[in-house]
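What follows is the content of work_9.cif (mmCIF, C-alpha atoms).
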```
data_target
loop_
_atom_site.label_atom_id
_atom_site.label_comp_id
_atom_site.auth_asym_id
_atom_site.auth_seq_id
_atom_site.Cartn_x
_atom_site.Cartn_y
_atom_site.Cartn_z
CA MET A 8 74.00 -14.42 45.09
CA LYS A 9 74.30 -13.64 41.40
CA ALA A 10 75.02 -16.53 38.99
CA ALA A 11 78.22 -14.87 37.75
CA THR A 12 79.55 -14.60 41.32
CA ARG A 13 78.68 -18.23 42.07
CA ALA A 14 80.35 -19.36 38.83
CA ARG A 15 83.56 -17.67 39.94
CA LEU A 16 83.35 -19.43 43.31
CA LEU A 17 83.20 -22.96 41.87
CA PRO A 18 86.94 -23.15 41.13
CA VAL A 19 87.52 -21.95 44.71
CA LEU A 20 85.43 -24.88 45.95
CA PHE A 21 87.75 -27.10 43.94
CA LEU A 22 90.55 -25.90 46.22
CA GLY A 23 89.07 -27.74 49.16
CA LEU A 24 88.75 -30.92 47.15
CA LEU A 25 92.45 -31.52 46.58
CA ALA A 26 94.17 -29.54 49.29
CA GLY A 27 91.56 -30.44 51.88
CA GLN A 28 93.09 -33.87 52.23
CA ALA A 29 94.57 -34.36 55.69
CA ASP A 30 97.71 -35.74 54.10
CA ALA A 31 98.50 -32.81 51.79
CA LEU A 32 100.84 -30.03 52.82
CA GLN A 33 99.00 -27.64 55.13
CA SER A 34 100.40 -24.72 53.14
CA ASP A 35 98.69 -25.99 49.95
CA ARG A 36 95.34 -24.74 51.24
CA ARG A 37 96.60 -21.17 51.28
CA GLN A 38 97.98 -21.29 47.74
CA PRO A 39 96.08 -20.02 44.68
CA ILE A 40 94.57 -22.57 42.31
CA HIS A 41 95.67 -22.41 38.71
CA ILE A 42 93.54 -24.26 36.14
CA GLU A 43 94.22 -24.43 32.43
CA ALA A 44 91.82 -26.19 30.05
CA ASP A 45 90.54 -25.91 26.52
CA SER A 46 86.99 -25.39 27.85
CA VAL A 47 84.86 -25.37 30.99
CA SER A 48 81.15 -25.83 31.59
CA ILE A 49 79.53 -25.04 34.94
CA ASP A 50 76.04 -26.20 35.93
CA GLU A 51 75.33 -24.71 39.35
CA GLN A 52 71.91 -26.31 39.73
CA ARG A 53 73.42 -29.80 39.37
CA GLY A 54 76.57 -28.85 41.29
CA LEU A 55 78.79 -29.84 38.39
CA SER A 56 81.86 -28.26 36.77
CA VAL A 57 83.56 -29.96 33.83
CA TYR A 58 87.01 -28.89 32.61
CA ARG A 59 87.93 -30.41 29.23
CA GLY A 60 90.96 -30.64 27.00
CA ASN A 61 94.53 -30.91 28.27
CA VAL A 62 93.51 -29.89 31.80
CA ARG A 63 96.22 -28.91 34.26
CA LEU A 64 95.48 -27.94 37.84
CA THR A 65 98.12 -26.79 40.31
CA GLN A 66 97.87 -25.57 43.88
CA GLY A 67 101.00 -25.56 45.97
CA SER A 68 102.41 -29.10 45.88
CA VAL A 69 99.23 -30.53 44.29
CA GLN A 70 99.30 -31.10 40.55
CA ALA A 71 96.67 -32.82 38.42
CA ASP A 72 96.83 -33.47 34.67
CA ALA A 73 93.93 -35.01 32.76
CA ASP A 74 91.94 -34.94 29.57
CA GLN A 75 88.91 -34.04 31.69
CA ILE A 76 88.31 -33.09 35.33
CA THR A 77 84.77 -33.16 36.69
CA VAL A 78 84.01 -31.54 40.06
CA HIS A 79 80.82 -32.47 41.95
CA THR A 80 79.68 -30.03 44.63
CA ASP A 81 77.00 -30.16 47.30
CA LYS A 82 75.75 -27.62 49.82
CA GLY A 83 78.97 -28.01 51.84
CA GLY A 84 81.21 -27.31 48.85
CA ALA A 85 83.31 -29.60 46.69
CA ASP A 86 82.42 -33.22 47.40
CA ARG A 87 83.98 -35.38 44.69
CA MET A 88 86.40 -35.03 41.81
CA VAL A 89 86.82 -37.35 38.82
CA LEU A 90 89.85 -37.13 36.53
CA SER A 91 89.95 -39.06 33.27
CA GLY A 92 92.74 -39.35 30.75
CA ASN A 93 95.12 -41.60 28.97
CA PRO A 94 96.31 -41.59 31.74
CA ALA A 95 95.19 -38.96 34.23
CA ARG A 96 97.88 -38.05 36.77
CA LEU A 97 97.77 -36.73 40.33
CA ARG A 98 100.71 -35.71 42.52
CA GLN A 99 101.00 -34.10 45.95
CA ARG A 100 103.50 -33.67 48.77
CA PRO A 101 102.18 -35.18 52.03
CA ASP A 102 102.89 -33.34 55.27
CA GLY A 103 105.99 -34.62 56.99
CA LYS A 104 107.30 -36.35 53.84
CA GLU A 105 110.28 -35.45 51.71
CA VAL A 106 108.91 -36.94 48.48
CA ASP A 107 105.67 -36.62 46.55
CA THR A 108 102.97 -39.27 46.33
CA GLU A 109 102.24 -39.80 42.63
CA GLY A 110 99.47 -41.75 40.94
CA GLU A 111 98.04 -42.30 37.50
CA ALA A 112 95.15 -44.22 35.98
CA LEU A 113 92.59 -43.98 33.22
CA ARG A 114 90.16 -42.72 35.88
CA ILE A 115 90.91 -41.17 39.26
CA GLU A 116 88.10 -40.54 41.74
CA HIS A 117 88.66 -38.53 44.92
CA SER A 118 86.19 -38.09 47.78
CA THR A 119 86.70 -35.02 49.98
CA SER A 120 84.68 -36.38 52.89
CA SER A 121 86.59 -39.66 53.19
CA GLY A 122 89.99 -38.54 51.88
CA VAL A 123 90.05 -41.69 49.72
CA THR A 124 91.34 -41.63 46.15
CA LEU A 125 90.58 -44.49 43.75
CA PHE A 126 92.83 -45.13 40.75
CA ILE A 127 90.93 -47.25 38.22
CA GLY A 128 92.25 -48.80 35.00
CA GLN A 129 95.96 -49.29 34.38
CA ALA A 130 96.52 -47.81 37.83
CA ARG A 131 99.92 -46.98 39.30
CA LEU A 132 100.80 -45.37 42.61
CA GLN A 133 104.16 -44.46 44.10
CA HIS A 134 103.91 -43.77 47.82
CA GLY A 135 107.37 -43.13 49.24
CA GLN A 136 109.63 -45.99 48.15
CA GLU A 137 106.72 -48.37 47.52
CA ARG A 138 105.23 -48.77 44.05
CA PHE A 139 101.87 -50.38 43.33
CA SER A 140 100.24 -51.26 40.03
CA GLY A 141 97.00 -53.02 39.16
CA GLU A 142 93.59 -52.34 37.74
CA ARG A 143 92.33 -50.68 40.94
CA ILE A 144 94.24 -48.97 43.74
CA GLU A 145 92.63 -47.32 46.75
CA TYR A 146 94.71 -44.71 48.57
CA ASP A 147 93.46 -43.47 51.94
CA ALA A 148 95.54 -40.35 52.59
CA ARG A 149 94.19 -39.81 56.12
CA GLY A 150 94.89 -43.36 57.24
CA ASP A 151 98.06 -43.66 55.16
CA ARG A 152 96.73 -46.94 53.69
CA VAL A 153 96.90 -48.45 50.22
CA SER A 154 95.00 -51.45 48.87
CA ALA A 155 95.23 -52.76 45.32
CA GLY A 156 93.43 -55.35 43.22
CA GLY A 157 93.40 -56.82 39.76
CA ASP A 158 90.44 -57.04 37.42
CA GLY A 159 90.22 -60.82 37.52
CA SER A 160 92.65 -61.33 34.66
CA GLY A 161 95.57 -59.30 35.97
CA ARG A 162 97.62 -59.44 39.11
CA VAL A 163 98.73 -56.71 41.47
CA GLN A 164 102.40 -55.79 41.40
CA ILE A 165 104.11 -54.23 44.41
CA VAL A 166 107.71 -53.13 44.83
CA ILE A 167 108.87 -52.54 48.40
CA MET A 168 112.34 -51.12 48.72
CA PRO A 169 114.51 -52.35 51.59
CA LYS A 170 115.27 -49.87 54.31
CA PRO A 171 118.94 -48.89 54.42
CA ASN A 172 120.78 -50.27 57.41
CA GLU A 173 123.08 -48.14 59.54
CA GLU A 174 126.21 -49.27 57.69
CA ASP A 175 124.67 -48.26 54.33
CA GLU A 176 123.82 -44.82 55.70
CA ALA A 177 127.36 -44.35 56.99
CA GLY A 178 128.69 -45.00 53.49
CA GLU A 179 130.13 -48.42 54.24
CA SER A 180 129.38 -51.25 51.90
CA PRO A 181 127.60 -54.34 53.29
CA ARG A 182 129.82 -57.40 53.69
#
```
Could you write out this file's structure as structure tokens?
Amino acid sequence: MKAATRARLLPVLFLGLLAGQADALQSDRRQPIHIEADSVSIDEQRGLSVYRGNVRLTQGSVQADADQITVHTDKGGADRMVLSGNPARLRQRPDGKEVDTEGEALRIEHSTSSGVTLFIGQARLQHGQERFSGERIEYDARGDRVSAGGDGSGRVQIVIMPKPNEEDEAGESPR
């Protein structure tokens, strides 16, 4: 395969990295990927693509904004993605959900094989009604699990919204 052809395929491999998550909308995988950046460098031998400068990636419900996005590939395709920014942001609509899952951090690392996304440094995640913040948040999209931790000097903050009761849903005020 010619180098120019392989270079054009690397962004396509990126598709599987974000939309390949079991939790993302199934239709996202069939959507085109749009990437805007000030520059890109692709090193096929190392399996590395680096998008720099006000990077925006969209594919269906998936949206990523960062100062830099680095994509690591192996023989099976895209393996890992690292977003960095002040902050970097990632948003997607999970299957079966009516709202997006949104996260931000100074560094976001996503593994395709495990479906786990790490938010590191001033991390925040909103998953449905719950909000998490701390220095490190781990989001397992496939298992629908979140764990958060501080850096030793900070504490984790979690906001869990109460579920509406039947009277609230019917428009009656609680007594």
Long-range neighbours of Gly141 of chain A as a VMD selection string, 7 Å cut-off, all atoms listed in the file, 2 positions minimum in chain: chain A and resid 129 to 131 139 143 to 144 155 to 157 162 to 164
Coordinates-based distance that separates atom CA of Pro94 of chain A from atom CA of Val47 of chain A (Å, one decimal): 19.9 Å
Using all atoms listed in the file, find the one residue out of A:Lys170, A:Arg152, A:Arg114, A:Arg96 that sits nearest to Val69 of chain A.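 Closest candidate: A:Arg96.
By only C-alpha atoms, and with residues fewer than 4 positions from His134 of chain A along its chain excluded, the set lying at most 10 Å from it is Pro101, Val106, Asp107, Thr108, Glu109, Gly110, Arg138, Phe139, Tyr146, Asp151, Arg152 and Val153 of chain A.
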Using C-alpha atoms, can you write the selected residues to a file as a compact mmCIF listing (two decimals), in the frame of the given file?
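again.txt written:
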```
# COMPACT_ATOMS: atom_id res chain seq x y z
CA PRO A 101 102.18 -35.18 52.03
CA VAL A 106 108.91 -36.94 48.48
CA ASP A 107 105.67 -36.62 46.55
CA THR A 108 102.97 -39.27 46.33
CA GLU A 109 102.24 -39.80 42.63
CA GLY A 110 99.47 -41.75 40.94
CA ARG A 138 105.23 -48.77 44.05
CA PHE A 139 101.87 -50.38 43.33
CA TYR A 146 94.71 -44.71 48.57
CA ASP A 151 98.06 -43.66 55.16
CA ARG A 152 96.73 -46.94 53.69
CA VAL A 153 96.90 -48.45 50.22
```
Contacts of Gly60 of chain A at 12 Å or less, counting all atoms listed in the file, minus same-chain residues fewer than 4 places along, as a list in words? Ile42, Glu43, Ala44, Asp45, Ser46, Val47, Ser48, Asp72, Ala73, Asp74, Gln75, Ile76, Thr77, Leu90, Ser91, Gly92, Asn93 and Ala95 of chain A
At what distance in Å, to one decimal, does atom CA of Thr80 of chain A lie from atom CA of Ser140 of chain A?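 We find that atom CA of Ser140 of chain A and atom CA of Thr80 of chain A lie 29.9 Å from each other.
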Calculate how many Å separate atom CA of Ser154 of chain A from atom CA of Gly122 of chain A, rounding to one decimal. 14.2 Å
Quick one: which residues end up in the PyMOL selection byres ((chain A and resi 65) around 6) for this structure, as a PyMOL selection string? chain A and resi 40-41+64+66+69-70
Please enumerate the residues selected by the PyMOL selection byres ((chain A and resi 53) around 12) when evaluated against the supplied file, formatted as a ChimeraX atom specification. /A:48-52,54-57,78-82
My list of candidates is A:Gly161, A:Val89, A:Arg63, A:Gly150. Which is closest to Phe126 of chain A when distances are computed with all atoms listed in the file?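 That would be A:Val89, the residue with the smallest distance to Phe126 of chain A.
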With only C-alpha atoms as the basis for distance, which of A:Thr124, A:Gly67, A:Gly135, A:Arg100 is at the shortest distance from Ala112 of chain A?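 For Ala112 of chain A, the nearest of the candidates is A:Thr124.
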